[in-house]
file coords-v3.pdb (PDB, C-alpha atoms and all ligand atoms)
ATOM      1  CA  MET A   1     -40.860  41.962  31.162  1.00  0.00           C
ATOM      2  CA  ALA A   2     -41.051  40.281  27.772  1.00  0.00           C
ATOM      3  CA  PRO A   3     -41.270  36.486  27.909  1.00  0.00           C
ATOM      4  CA  ILE A   4     -37.963  36.205  26.031  1.00  0.00           C
ATOM      5  CA  ALA A   5     -36.230  38.326  28.690  1.00  0.00           C
ATOM      6  CA  ILE A   6     -37.621  36.147  31.475  1.00  0.00           C
ATOM      7  CA  VAL A   7     -36.322  33.027  29.741  1.00  0.00           C
ATOM      8  CA  ALA A   8     -32.906  34.680  29.356  1.00  0.00           C
ATOM      9  CA  LEU A   9     -32.878  35.691  33.016  1.00  0.00           C
ATOM     10  CA  LEU A  10     -33.897  32.228  34.136  1.00  0.00           C
ATOM     11  CA  LEU A  11     -31.153  30.754  31.990  1.00  0.00           C
ATOM     12  CA  LEU A  12     -28.592  33.130  33.524  1.00  0.00           C
ATOM     13  CA  VAL A  13     -29.696  32.261  37.047  1.00  0.00           C
ATOM     14  CA  THR A  14     -29.569  28.543  36.248  1.00  0.00           C
ATOM     15  CA  VAL A  15     -26.071  28.769  34.776  1.00  0.00           C
ATOM     16  CA  SER A  16     -24.814  30.858  37.732  1.00  0.00           C
ATOM     17  CA  TYR A  17     -26.328  28.434  40.160  1.00  0.00           C
ATOM     18  CA  ALA A  18     -24.774  25.475  38.355  1.00  0.00           C
ATOM     19  CA  MET A  19     -21.348  27.162  38.424  1.00  0.00           C
ATOM     20  CA  TRP A  20     -21.695  28.075  42.073  1.00  0.00           C
ATOM     21  CA  TYR A  21     -22.874  24.603  42.945  1.00  0.00           C
ATOM     22  CA  GLY A  22     -19.999  23.047  40.988  1.00  0.00           C
ATOM     23  CA  GLU A  23     -17.494  25.159  42.869  1.00  0.00           C
ATOM     24  CA  LEU A  24     -19.089  24.220  46.165  1.00  0.00           C
ATOM     25  CA  LYS A  25     -18.809  20.570  45.291  1.00  0.00           C
ATOM     26  CA  ILE A  26     -15.113  20.941  44.453  1.00  0.00           C
ATOM     27  CA  ASN A  27     -14.426  22.737  47.744  1.00  0.00           C
ATOM     28  CA  GLY A  28     -16.488  20.143  49.572  1.00  0.00           C
ATOM     29  CA  ASN A  29     -14.398  17.354  48.103  1.00  0.00           C
ATOM     30  CA  VAL A  30     -11.195  19.019  49.265  1.00  0.00           C
ATOM     31  CA  GLN A  31     -12.563  19.302  52.799  1.00  0.00           C
ATOM     32  CA  THR A  32     -13.688  15.709  52.985  1.00  0.00           C
ATOM     33  CA  GLY A  33     -10.745  14.089  51.163  1.00  0.00           C
ATOM     34  CA  GLU A  34      -8.943  11.096  52.520  1.00  0.00           C
ATOM     35  CA  LEU A  35      -6.286  11.597  55.191  1.00  0.00           C
ATOM     36  CA  ASP A  36      -3.830   8.796  54.627  1.00  0.00           C
ATOM     37  CA  TRP A  37      -0.081   8.372  54.981  1.00  0.00           C
ATOM     38  CA  GLU A  38       2.499   5.630  55.371  1.00  0.00           C
ATOM     39  CA  PHE A  39       6.061   4.824  56.223  1.00  0.00           C
ATOM     40  CA  VAL A  40       7.598   3.954  52.884  1.00  0.00           C
ATOM     41  CA  PRO A  41       8.699   0.313  53.145  1.00  0.00           C
ATOM     42  CA  ASN A  42      12.427  -0.316  52.621  1.00  0.00           C
ATOM     43  CA  THR A  43      13.425   3.279  53.405  1.00  0.00           C
ATOM     44  CA  VAL A  44      14.573   2.589  56.973  1.00  0.00           C
ATOM     45  CA  ILE A  45      18.267   3.330  57.383  1.00  0.00           C
ATOM     46  CA  GLN A  46      20.059   2.715  60.668  1.00  0.00           C
ATOM     47  CA  LEU A  47      23.583   2.903  62.022  1.00  0.00           C
ATOM     48  CA  ASP A  48      23.786  -0.285  64.075  1.00  0.00           C
ATOM     49  CA  THR A  49      21.551  -3.053  62.753  1.00  0.00           C
ATOM     50  CA  CYS A  50      21.369  -6.532  64.258  1.00  0.00           C
ATOM     51  CA  ASP A  51      21.347  -8.068  60.772  1.00  0.00           C
ATOM     52  CA  PHE A  52      25.152  -8.152  60.614  1.00  0.00           C
ATOM     53  CA  ASN A  53      28.136  -7.133  62.751  1.00  0.00           C
ATOM     54  CA  VAL A  54      28.572  -3.375  63.129  1.00  0.00           C
ATOM     55  CA  PRO A  55      31.052  -1.779  65.583  1.00  0.00           C
ATOM     56  CA  ASP A  56      29.039   0.238  68.117  1.00  0.00           C
ATOM     57  CA  THR A  57      29.016   4.020  68.035  1.00  0.00           C
ATOM     58  CA  ASN A  58      29.320   5.692  71.425  1.00  0.00           C
ATOM     59  CA  VAL A  59      28.883   9.276  72.589  1.00  0.00           C
ATOM     60  CA  PRO A  60      31.118  11.139  72.909  1.00  0.00           C
ATOM     61  CA  PRO A  61      32.550   9.851  69.629  1.00  0.00           C
ATOM     62  CA  GLY A  62      35.741   7.890  70.123  1.00  0.00           C
ATOM     63  CA  ASN A  63      34.628   6.251  73.367  1.00  0.00           C
ATOM     64  CA  ASN A  64      34.573   2.925  71.579  1.00  0.00           C
ATOM     65  CA  SER A  65      38.131   3.231  70.267  1.00  0.00           C
ATOM     66  CA  GLU A  66      38.522  -0.535  70.032  1.00  0.00           C
ATOM     67  CA  GLY A  67      35.584  -0.742  67.634  1.00  0.00           C
ATOM     68  CA  LYS A  68      33.724  -3.316  69.700  1.00  0.00           C
ATOM     69  CA  ASP A  69      30.424  -4.763  68.529  1.00  0.00           C
ATOM     70  CA  VAL A  70      28.560  -5.363  71.777  1.00  0.00           C
ATOM     71  CA  GLY A  71      25.056  -3.988  71.210  1.00  0.00           C
ATOM     72  CA  CYS A  72      22.745  -3.700  68.228  1.00  0.00           C
ATOM     73  CA  THR A  73      19.305  -2.306  67.384  1.00  0.00           C
ATOM     74  CA  ASP A  74      16.443  -4.088  65.683  1.00  0.00           C
ATOM     75  CA  VAL A  75      13.857  -1.888  63.886  1.00  0.00           C
ATOM     76  CA  GLN A  76      10.583  -3.218  62.529  1.00  0.00           C
ATOM     77  CA  LEU A  77       7.780  -1.287  60.820  1.00  0.00           C
ATOM     78  CA  VAL A  78       4.326  -2.021  62.229  1.00  0.00           C
ATOM     79  CA  ASP A  79       0.764  -1.323  61.039  1.00  0.00           C
ATOM     80  CA  THR A  80      -0.971  -0.547  64.348  1.00  0.00           C
ATOM     81  CA  ASP A  81      -4.317   0.664  62.945  1.00  0.00           C
ATOM     82  CA  GLY A  82      -4.715  -2.097  60.359  1.00  0.00           C
ATOM     83  CA  ASP A  83      -5.165   0.160  57.303  1.00  0.00           C
ATOM     84  CA  GLY A  84      -2.479  -1.669  55.354  1.00  0.00           C
ATOM     85  CA  ASP A  85       0.177   1.071  55.819  1.00  0.00           C
ATOM     86  CA  TYR A  86       3.032   1.024  58.286  1.00  0.00           C
ATOM     87  CA  ASP A  87       2.619   3.743  60.946  1.00  0.00           C
ATOM     88  CA  ALA A  88       4.901   2.732  63.829  1.00  0.00           C
ATOM     89  CA  LEU A  89       8.477   1.739  64.638  1.00  0.00           C
ATOM     90  CA  ASN A  90       9.065  -1.237  66.877  1.00  0.00           C
ATOM     91  CA  ILE A  91      12.579  -0.692  68.248  1.00  0.00           C
ATOM     92  CA  THR A  92      14.466  -3.249  70.328  1.00  0.00           C
ATOM     93  CA  MET A  93      17.994  -2.436  71.501  1.00  0.00           C
ATOM     94  CA  HIS A  94      19.903  -5.554  72.460  1.00  0.00           C
ATOM     95  CA  ASN A  95      22.825  -5.689  74.890  1.00  0.00           C
ATOM     96  CA  VAL A  96      23.161  -1.919  75.086  1.00  0.00           C
ATOM     97  CA  TYR A  97      24.937   0.129  77.778  1.00  0.00           C
ATOM     98  CA  PRO A  98      25.470   3.782  78.788  1.00  0.00           C
ATOM     99  CA  TYR A  99      26.720   5.983  75.900  1.00  0.00           C
ATOM    100  CA  TYR A 100      25.599   3.536  73.213  1.00  0.00           C
ATOM    101  CA  TYR A 101      24.303   5.591  70.263  1.00  0.00           C
ATOM    102  CA  GLU A 102      21.965   4.734  67.377  1.00  0.00           C
ATOM    103  CA  HIS A 103      20.593   6.754  64.438  1.00  0.00           C
ATOM    104  CA  ILE A 104      17.454   5.739  62.509  1.00  0.00           C
ATOM    105  CA  ALA A 105      16.038   7.465  59.415  1.00  0.00           C
ATOM    106  CA  PHE A 106      12.998   6.738  57.258  1.00  0.00           C
ATOM    107  CA  LYS A 107      10.583   8.276  54.782  1.00  0.00           C
ATOM    108  CA  VAL A 108       6.920   9.157  55.333  1.00  0.00           C
ATOM    109  CA  HIS A 109       4.618   9.526  52.326  1.00  0.00           C
ATOM    110  CA  ASN A 110       1.207  11.149  51.880  1.00  0.00           C
ATOM    111  CA  ASP A 111      -0.838   8.497  50.056  1.00  0.00           C
ATOM    112  CA  GLY A 112      -4.165  10.244  50.683  1.00  0.00           C
ATOM    113  CA  THR A 113      -5.899  13.134  48.866  1.00  0.00           C
ATOM    114  CA  ILE A 114      -5.476  16.086  51.271  1.00  0.00           C
ATOM    115  CA  PRO A 115      -2.376  17.888  52.554  1.00  0.00           C
ATOM    116  CA  LEU A 116      -1.342  16.688  56.004  1.00  0.00           C
ATOM    117  CA  LYS A 117       1.169  17.253  58.763  1.00  0.00           C
ATOM    118  CA  ILE A 118       2.865  14.735  61.009  1.00  0.00           C
ATOM    119  CA  TRP A 119       1.084  15.765  64.168  1.00  0.00           C
ATOM    120  CA  ARG A 120       2.396  13.784  67.120  1.00  0.00           C
ATOM    121  CA  VAL A 121       4.233  10.667  68.153  1.00  0.00           C
ATOM    122  CA  ILE A 122       3.136   8.224  70.801  1.00  0.00           C
ATOM    123  CA  ILE A 123       5.982   6.443  72.581  1.00  0.00           C
ATOM    124  CA  ASP A 124       4.798   3.480  74.649  1.00  0.00           C
ATOM    125  CA  GLY A 125       1.415   5.171  75.016  1.00  0.00           C
ATOM    126  CA  LYS A 126       2.638   8.704  75.887  1.00  0.00           C
ATOM    127  CA  GLU A 127       1.936  11.546  73.431  1.00  0.00           C
ATOM    128  CA  TYR A 128       4.567  14.056  72.271  1.00  0.00           C
ATOM    129  CA  TYR A 129       3.872  17.175  70.182  1.00  0.00           C
ATOM    130  CA  GLU A 130       5.910  19.805  68.330  1.00  0.00           C
ATOM    131  CA  LEU A 131       9.096  17.890  68.885  1.00  0.00           C
ATOM    132  CA  ASN A 132      11.322  20.259  66.974  1.00  0.00           C
ATOM    133  CA  GLU A 133      10.271  23.484  68.581  1.00  0.00           C
ATOM    134  CA  HIS A 134      10.245  22.479  72.222  1.00  0.00           C
ATOM    135  CA  VAL A 135      12.727  19.701  72.751  1.00  0.00           C
ATOM    136  CA  LEU A 136      15.170  19.932  69.868  1.00  0.00           C
ATOM    137  CA  HIS A 137      18.105  20.797  72.099  1.00  0.00           C
ATOM    138  CA  THR A 138      17.184  18.913  75.248  1.00  0.00           C
ATOM    139  CA  GLY A 139      15.831  15.716  73.725  1.00  0.00           C
ATOM    140  CA  VAL A 140      13.059  13.475  75.023  1.00  0.00           C
ATOM    141  CA  PRO A 141      14.126  11.454  78.102  1.00  0.00           C
ATOM    142  CA  LEU A 142      12.535   8.036  78.520  1.00  0.00           C
ATOM    143  CA  ASP A 143      12.482   5.372  81.208  1.00  0.00           C
ATOM    144  CA  LEU A 144      12.293   2.254  79.064  1.00  0.00           C
ATOM    145  CA  ASP A 145      12.996  -0.363  81.723  1.00  0.00           C
ATOM    146  CA  GLY A 146      10.480   1.224  84.119  1.00  0.00           C
ATOM    147  CA  ASP A 147      12.765   1.505  87.176  1.00  0.00           C
ATOM    148  CA  GLY A 148      11.900   5.184  87.688  1.00  0.00           C
ATOM    149  CA  GLU A 149      15.115   6.588  86.169  1.00  0.00           C
ATOM    150  CA  ASN A 150      15.458   7.826  82.615  1.00  0.00           C
ATOM    151  CA  ASP A 151      17.780   5.515  80.708  1.00  0.00           C
ATOM    152  CA  THR A 152      17.303   6.637  77.090  1.00  0.00           C
ATOM    153  CA  MET A 153      17.265   9.955  75.247  1.00  0.00           C
ATOM    154  CA  ILE A 154      15.755  10.648  71.808  1.00  0.00           C
ATOM    155  CA  TRP A 155      16.517  13.625  69.594  1.00  0.00           C
ATOM    156  CA  TRP A 156      14.303  14.116  66.542  1.00  0.00           C
ATOM    157  CA  GLY A 157      15.535  15.341  63.199  1.00  0.00           C
ATOM    158  CA  ASP A 158      13.658  17.694  60.907  1.00  0.00           C
ATOM    159  CA  ASN A 159      10.228  17.584  59.353  1.00  0.00           C
ATOM    160  CA  PHE A 160       7.845  17.390  62.284  1.00  0.00           C
ATOM    161  CA  GLY A 161       4.902  19.621  61.421  1.00  0.00           C
ATOM    162  CA  VAL A 162       6.048  19.895  57.818  1.00  0.00           C
ATOM    163  CA  GLN A 163       3.170  20.043  55.335  1.00  0.00           C
ATOM    164  CA  LEU A 164       2.997  17.069  52.982  1.00  0.00           C
ATOM    165  CA  HIS A 165       0.830  17.398  49.892  1.00  0.00           C
ATOM    166  CA  PRO A 166      -0.678  14.284  48.306  1.00  0.00           C
ATOM    167  CA  CYS A 167       2.105  12.108  46.826  1.00  0.00           C
ATOM    168  CA  GLU A 168       4.843  14.064  48.639  1.00  0.00           C
ATOM    169  CA  SER A 169       7.217  12.429  51.059  1.00  0.00           C
ATOM    170  CA  ALA A 170       9.701  13.632  53.688  1.00  0.00           C
ATOM    171  CA  ASP A 171      12.644  12.212  55.610  1.00  0.00           C
ATOM    172  CA  ILE A 172      12.366  11.928  59.375  1.00  0.00           C
ATOM    173  CA  SER A 173      15.138  10.744  61.641  1.00  0.00           C
ATOM    174  CA  LEU A 174      15.880  10.159  65.295  1.00  0.00           C
ATOM    175  CA  ASP A 175      18.992   9.803  67.436  1.00  0.00           C
ATOM    176  CA  ILE A 176      18.963   7.494  70.435  1.00  0.00           C
ATOM    177  CA  THR A 177      21.508   7.647  73.258  1.00  0.00           C
ATOM    178  CA  ILE A 178      21.559   5.302  76.240  1.00  0.00           C
ATOM    179  CA  LEU A 179      22.003   7.236  79.496  1.00  0.00           C
ATOM    180  CA  GLN A 180      24.147   6.521  82.533  1.00  0.00           C
ATOM    181  CA  PRO A 181      21.445   4.971  84.788  1.00  0.00           C
ATOM    182  CA  ALA A 182      20.866   2.175  82.275  1.00  0.00           C
ATOM    183  CA  PRO A 183      22.179  -1.195  83.369  1.00  0.00           C
ATOM    184  CA  GLU A 184      24.984  -2.816  81.349  1.00  0.00           C
ATOM    185  CA  ASN A 185      23.859  -5.320  78.706  1.00  0.00           C
ATOM    186  CA  ALA A 186      20.257  -4.124  78.845  1.00  0.00           C
ATOM    187  CA  THR A 187      17.589  -5.035  76.324  1.00  0.00           C
ATOM    188  CA  LEU A 188      15.389  -1.975  75.907  1.00  0.00           C
ATOM    189  CA  HIS A 189      12.235  -1.775  73.836  1.00  0.00           C
ATOM    190  CA  MET A 190       9.949   1.005  72.610  1.00  0.00           C
ATOM    191  CA  LEU A 191       7.027   1.327  70.223  1.00  0.00           C
ATOM    192  CA  ILE A 192       6.903   4.700  68.455  1.00  0.00           C
ATOM    193  CA  GLN A 193       3.608   5.423  66.703  1.00  0.00           C
ATOM    194  CA  PHE A 194       3.181   8.394  64.381  1.00  0.00           C
ATOM    195  CA  GLN A 195      -0.087  10.230  63.768  1.00  0.00           C
ATOM    196  CA  ALA A 196      -0.889  12.730  61.026  1.00  0.00           C
ATOM    197  CA  ILE A 197      -3.635  15.345  60.814  1.00  0.00           C
ATOM    198  CA  ALA A 198      -5.197  17.451  58.044  1.00  0.00           C
ATOM    199  CA  TRP A 199      -3.003  20.514  57.463  1.00  0.00           C
ATOM    200  CA  ASN A 200      -5.747  22.995  58.389  1.00  0.00           C
ATOM    201  CA  GLU A 201      -6.452  21.298  61.735  1.00  0.00           C
ATOM    202  CA  TYR A 202      -2.838  21.121  62.895  1.00  0.00           C
ATOM    203  CA  GLU A 203      -2.616  24.372  64.897  1.00  0.00           C
ATOM    204  CA  SER A 204      -5.920  23.913  66.718  1.00  0.00           C
ATOM    205  CA  ALA A 205      -5.094  20.308  67.610  1.00  0.00           C
ATOM    206  CA  LEU A 206      -1.889  21.116  69.480  1.00  0.00           C
ATOM    207  CA  PRO A 207      -2.153  21.075  73.258  1.00  0.00           C
ATOM    208  CA  THR A 208      -2.214  24.588  74.740  1.00  0.00           C
ATOM    209  CA  SER A 209       0.535  23.943  77.293  1.00  0.00           C
ATOM    210  CA  PRO A 210       3.075  21.449  75.988  1.00  0.00           C
TER
HETATM  211 CA    CA B   1      -2.279   5.147  56.271  1.00  0.00          CA
HETATM  212 CA    CA B   2      26.756  -3.047  67.103  1.00  0.00          CA
HETATM  213 CA    CA B   3      -1.433   1.794  59.478  1.00  0.00          CA
HETATM  214 CA    CA B   4      15.128   3.268  83.642  1.00  0.00          CA
END
call {"tool": "encode", "arguments": {"input": "coords-v3.pdb", "output": "structure tokens", "more": "lines below"}}
Ligand SMILES: [Ca+2]
Ligand SMILES: [Ca+2]
Ligand SMILES: [Ca+2]
Ligand SMILES: [Ca+2]
result
Amino acid sequence: MAPIAIVALLLLVTVSYAMWYGELKINGNVQTGELDWEFVPNTVIQLDTCDFNVPDTNVPPGNNSEGKDVGCTDVQLVDTDGDGDYDALNITMHNVYPYYYEHIAFKVHNDGTIPLKIWRVIIDGKEYYELNEHVLHTGVPLDLDGDGENDTMIWWGDNFGVQLHPCESADISLDITILQPAPENATLHMLIQFQAIAWNEYESALPTSP
């Protein structure tokens, strides 16, 4: 081979290698991007705040025909992992009673660099997955006062498992109903933590038997 041809070949190989290496680096960056998300501050909306007087809503609707304001719900955003973003709801229901109903909605935002999914919630230390698919119609029963009987039911709104690209946000909501075994005038508390996962790890990270 003529020396000029060898130089040309070497040049071609070098350019190809540089292009291939560049592509690898780009893919590598996608894989190792930052998984980060937050509750957007000031997006919490609720039916029955404790900040001012609101007539209680009961289920079935119309139970509270006199429009009494007996109970109320306090919602605070908490940063449980100390990364500077809110990731949990601290919910305290004051003076509540069977059939008391509350609705809470908020926005979650992907402030990292890779697509993610809201993966699971942890309520007072217990993990829940795939909330829409498995318990949409039956709800999640909870025993918040620890007497062995479920006293509270949660139904989740949409957007669990939804894919959020960087900078995207989604609305998530929950309905809370106090059940019959709850005592009158109870103060019930729960901490609901949310955890997200990289979009491509979501399926493999779900428990096999929910
Ligand atoms: Ca975060
Ligand atoms: Ca109220
Ligand atoms: Ca946090
Ligand atoms: Ca209970």
call {"tool": "resolve_selection", "arguments": {"input": "coords-v3.pdb", "expression": "the PyMOL selection byres (((not hetatm)) within 6 of (chain B and resi 2))", "output": "list in words"}}
result
Asp48, Val54, Pro55, Asp56, Asp69, Val70, Gly71 and Cys72 of chain A
call {"tool": "atom_distance", "arguments": {"input": "coords-v3.pdb", "atom1": "CA of Ala182 (chain A)", "atom2": "CA of Val121 (chain A)"}}
result
23.4 Å
call {"tool": "resolve_selection", "arguments": {"input": "coords-v3.pdb", "expression": "the PyMOL selection byres (((not hetatm)) within 10 of (chain B and resi 1))", "output": "list in words"}}
result
Glu34, Leu35, Asp36, Trp37, Glu38, Phe39, Asp79, Thr80, Asp81, Gly82, Asp83, Gly84, Asp85, Tyr86, Asp87, His109, Asn110, Asp111, Gly112, Gln195 and Ala196 of chain A
call {"tool": "write_last_selection", "arguments": {"input": "coords-v3.pdb", "atoms": "C-alpha atoms", "output": "compact mmCIF listing (two decimals), in the frame of the given file"}}
result
# COMPACT_ATOMS: atom_id res chain seq x y z
CA GLU A 34 -8.94 11.10 52.52
CA LEU A 35 -6.29 11.60 55.19
CA ASP A 36 -3.83 8.80 54.63
CA TRP A 37 -0.08 8.37 54.98
CA GLU A 38 2.50 5.63 55.37
CA PHE A 39 6.06 4.82 56.22
CA ASP A 79 0.76 -1.32 61.04
CA THR A 80 -0.97 -0.55 64.35
CA ASP A 81 -4.32 0.66 62.94
CA GLY A 82 -4.72 -2.10 60.36
CA ASP A 83 -5.16 0.16 57.30
CA GLY A 84 -2.48 -1.67 55.35
CA ASP A 85 0.18 1.07 55.82
CA TYR A 86 3.03 1.02 58.29
CA ASP A 87 2.62 3.74 60.95
CA HIS A 109 4.62 9.53 52.33
CA ASN A 110 1.21 11.15 51.88
CA ASP A 111 -0.84 8.50 50.06
CA GLY A 112 -4.16 10.24 50.68
CA GLN A 195 -0.09 10.23 63.77
CA ALA A 196 -0.89 12.73 61.03
call {"tool": "atom_distance", "arguments": {"input": "coords-v3.pdb", "atom1": "CA of Ile118 (chain A)", "atom2": "CA of Thr92 (chain A)"}}
result
23.3 Å
call {"tool": "closest_residue", "arguments": {"input": "coords-v3.pdb", "among": "A:Ala105, A:Leu89, A:Ala170, A:Ile178", "to": "ligand CA 3 (chain B)", "atoms": "only C-alpha atoms and all ligand atoms"}}
result
A:Leu89
call {"tool": "closest_residue", "arguments": {"input": "coords-v3.pdb", "among": "A:Leu206, A:Leu116, A:Ala198, A:Ile45", "to": "Pro166 (chain A)", "atoms": "all atoms listed in the file"}}
result
A:Leu116
call {"tool": "atom_distance", "arguments": {"input": "coords-v3.pdb", "atom1": "CA of Leu179 (chain A)", "atom2": "atom CA of ligand CA 4 (chain B)"}}
result
9.0 Å
call {"tool": "residues_around", "arguments": {"input": "coords-v3.pdb", "residues": "Leu174 (chain A)", "least_positions_apart": "2", "cutoff": "6 Å", "atoms": "all atoms listed in the file", "output": "PyMOL selection string"}}
result
chain A and resi 103-104+155-157
call {"tool": "residues_around", "arguments": {"input": "coords-v3.pdb", "residues": "Ala205 (chain A)", "least_positions_apart": "3", "cutoff": "12 Å", "atoms": "only C-alpha atoms", "output": "VMD selection string"}}
result
chain A and resid 117 to 120 129 to 130 161 195 to 202 208 to 210
call {"tool": "residues_near_ligand", "arguments": {"input": "coords-v3.pdb", "ligand": "ligand CA 4 (chain B)", "cutoff": "7 Å", "atoms": "all atoms listed in the file", "output": "list of chain:residue names"}}
result
A:Asp143, A:Leu144, A:Asp145, A:Gly146, A:Asp147, A:Gly148, A:Glu149, A:Asn150, A:Asp151, A:Pro181, A:Ala182
call {"tool": "write_last_selection", "arguments": {"input": "coords-v3.pdb", "atoms": "C-alpha atoms", "output": "short mmCIF file (atom, residue, chain, number, x, y, z; two decimals), in the frame of the given file"}}
result
data_model
loop_
_atom_site.label_atom_id
_atom_site.label_comp_id
_atom_site.auth_asym_id
_atom_site.auth_seq_id
_atom_site.Cartn_x
_atom_site.Cartn_y
_atom_site.Cartn_z
CA ASP A 143 12.48 5.37 81.21
CA LEU A 144 12.29 2.25 79.06
CA ASP A 145 13.00 -0.36 81.72
CA GLY A 146 10.48 1.22 84.12
CA ASP A 147 12.76 1.50 87.18
CA GLY A 148 11.90 5.18 87.69
CA GLU A 149 15.12 6.59 86.17
CA ASN A 150 15.46 7.83 82.62
CA ASP A 151 17.78 5.52 80.71
CA PRO A 181 21.44 4.97 84.79
CA ALA A 182 20.87 2.17 82.28
#
call {"tool": "residues_around", "arguments": {"input": "coords-v3.pdb", "residues": "region 185-193 of chain A", "least_positions_apart": "4", "cutoff": "6 Å", "atoms": "only C-alpha atoms", "output": "PDB file with C-alpha atoms, in the frame of the given file"}}
result
ATOM      1  CA  ALA A  88       4.901   2.732  63.829  1.00  0.00           C
ATOM      2  CA  LEU A  89       8.477   1.739  64.638  1.00  0.00           C
ATOM      3  CA  ASN A  90       9.065  -1.237  66.877  1.00  0.00           C
ATOM      4  CA  ILE A  91      12.579  -0.692  68.248  1.00  0.00           C
ATOM      5  CA  THR A  92      14.466  -3.249  70.328  1.00  0.00           C
ATOM      6  CA  MET A  93      17.994  -2.436  71.501  1.00  0.00           C
ATOM      7  CA  HIS A  94      19.903  -5.554  72.460  1.00  0.00           C
ATOM      8  CA  ASN A  95      22.825  -5.689  74.890  1.00  0.00           C
ATOM      9  CA  VAL A  96      23.161  -1.919  75.086  1.00  0.00           C
ATOM     10  CA  TYR A  97      24.937   0.129  77.778  1.00  0.00           C
ATOM     11  CA  VAL A 121       4.233  10.667  68.153  1.00  0.00           C
ATOM     12  CA  ILE A 122       3.136   8.224  70.801  1.00  0.00           C
ATOM     13  CA  ILE A 123       5.982   6.443  72.581  1.00  0.00           C
ATOM     14  CA  ASP A 124       4.798   3.480  74.649  1.00  0.00           C
TER      15      ASP A 124
END
call {"tool": "closest_residue", "arguments": {"input": "coords-v3.pdb", "among": "A:Leu164, A:Ile114, A:Val108, A:Met153", "to": "ligand CA 3 (chain B)", "atoms": "all atoms listed in the file"}}
result
A:Val108
call {"tool": "closest_residue", "arguments": {"input": "coords-v3.pdb", "among": "A:Ile176, A:Phe194, A:Gly125, A:Pro141", "to": "ligand CA 3 (chain B)", "atoms": "all atoms listed in the file"}}
result
A:Phe194
call {"tool": "closest_residue", "arguments": {"input": "coords-v3.pdb", "among": "A:Leu77, A:His165, A:Asn42, A:Ile172", "to": "ligand CA 3 (chain B)", "atoms": "all atoms listed in the file"}}
result
A:Leu77
call {"tool": "axis_aligned_box", "arguments": {"input": "coords-v3.pdb", "around": "region 68-85 of chain A", "padding_each_side": "4 Å", "output": "AutoDock Vina command-line options"}}
result
--center_x 14.3 --center_y -2.1 --center_z 63.6 --size_x 46.9 --size_y 14.4 --size_z 24.4
call {"tool": "closest_residue", "arguments": {"input": "coords-v3.pdb", "among": "A:Asn63, A:Leu142, A:Val40, A:Tyr99", "to": "ligand CA 3 (chain B)", "atoms": "only C-alpha atoms and all ligand atoms"}}
result
A:Val40
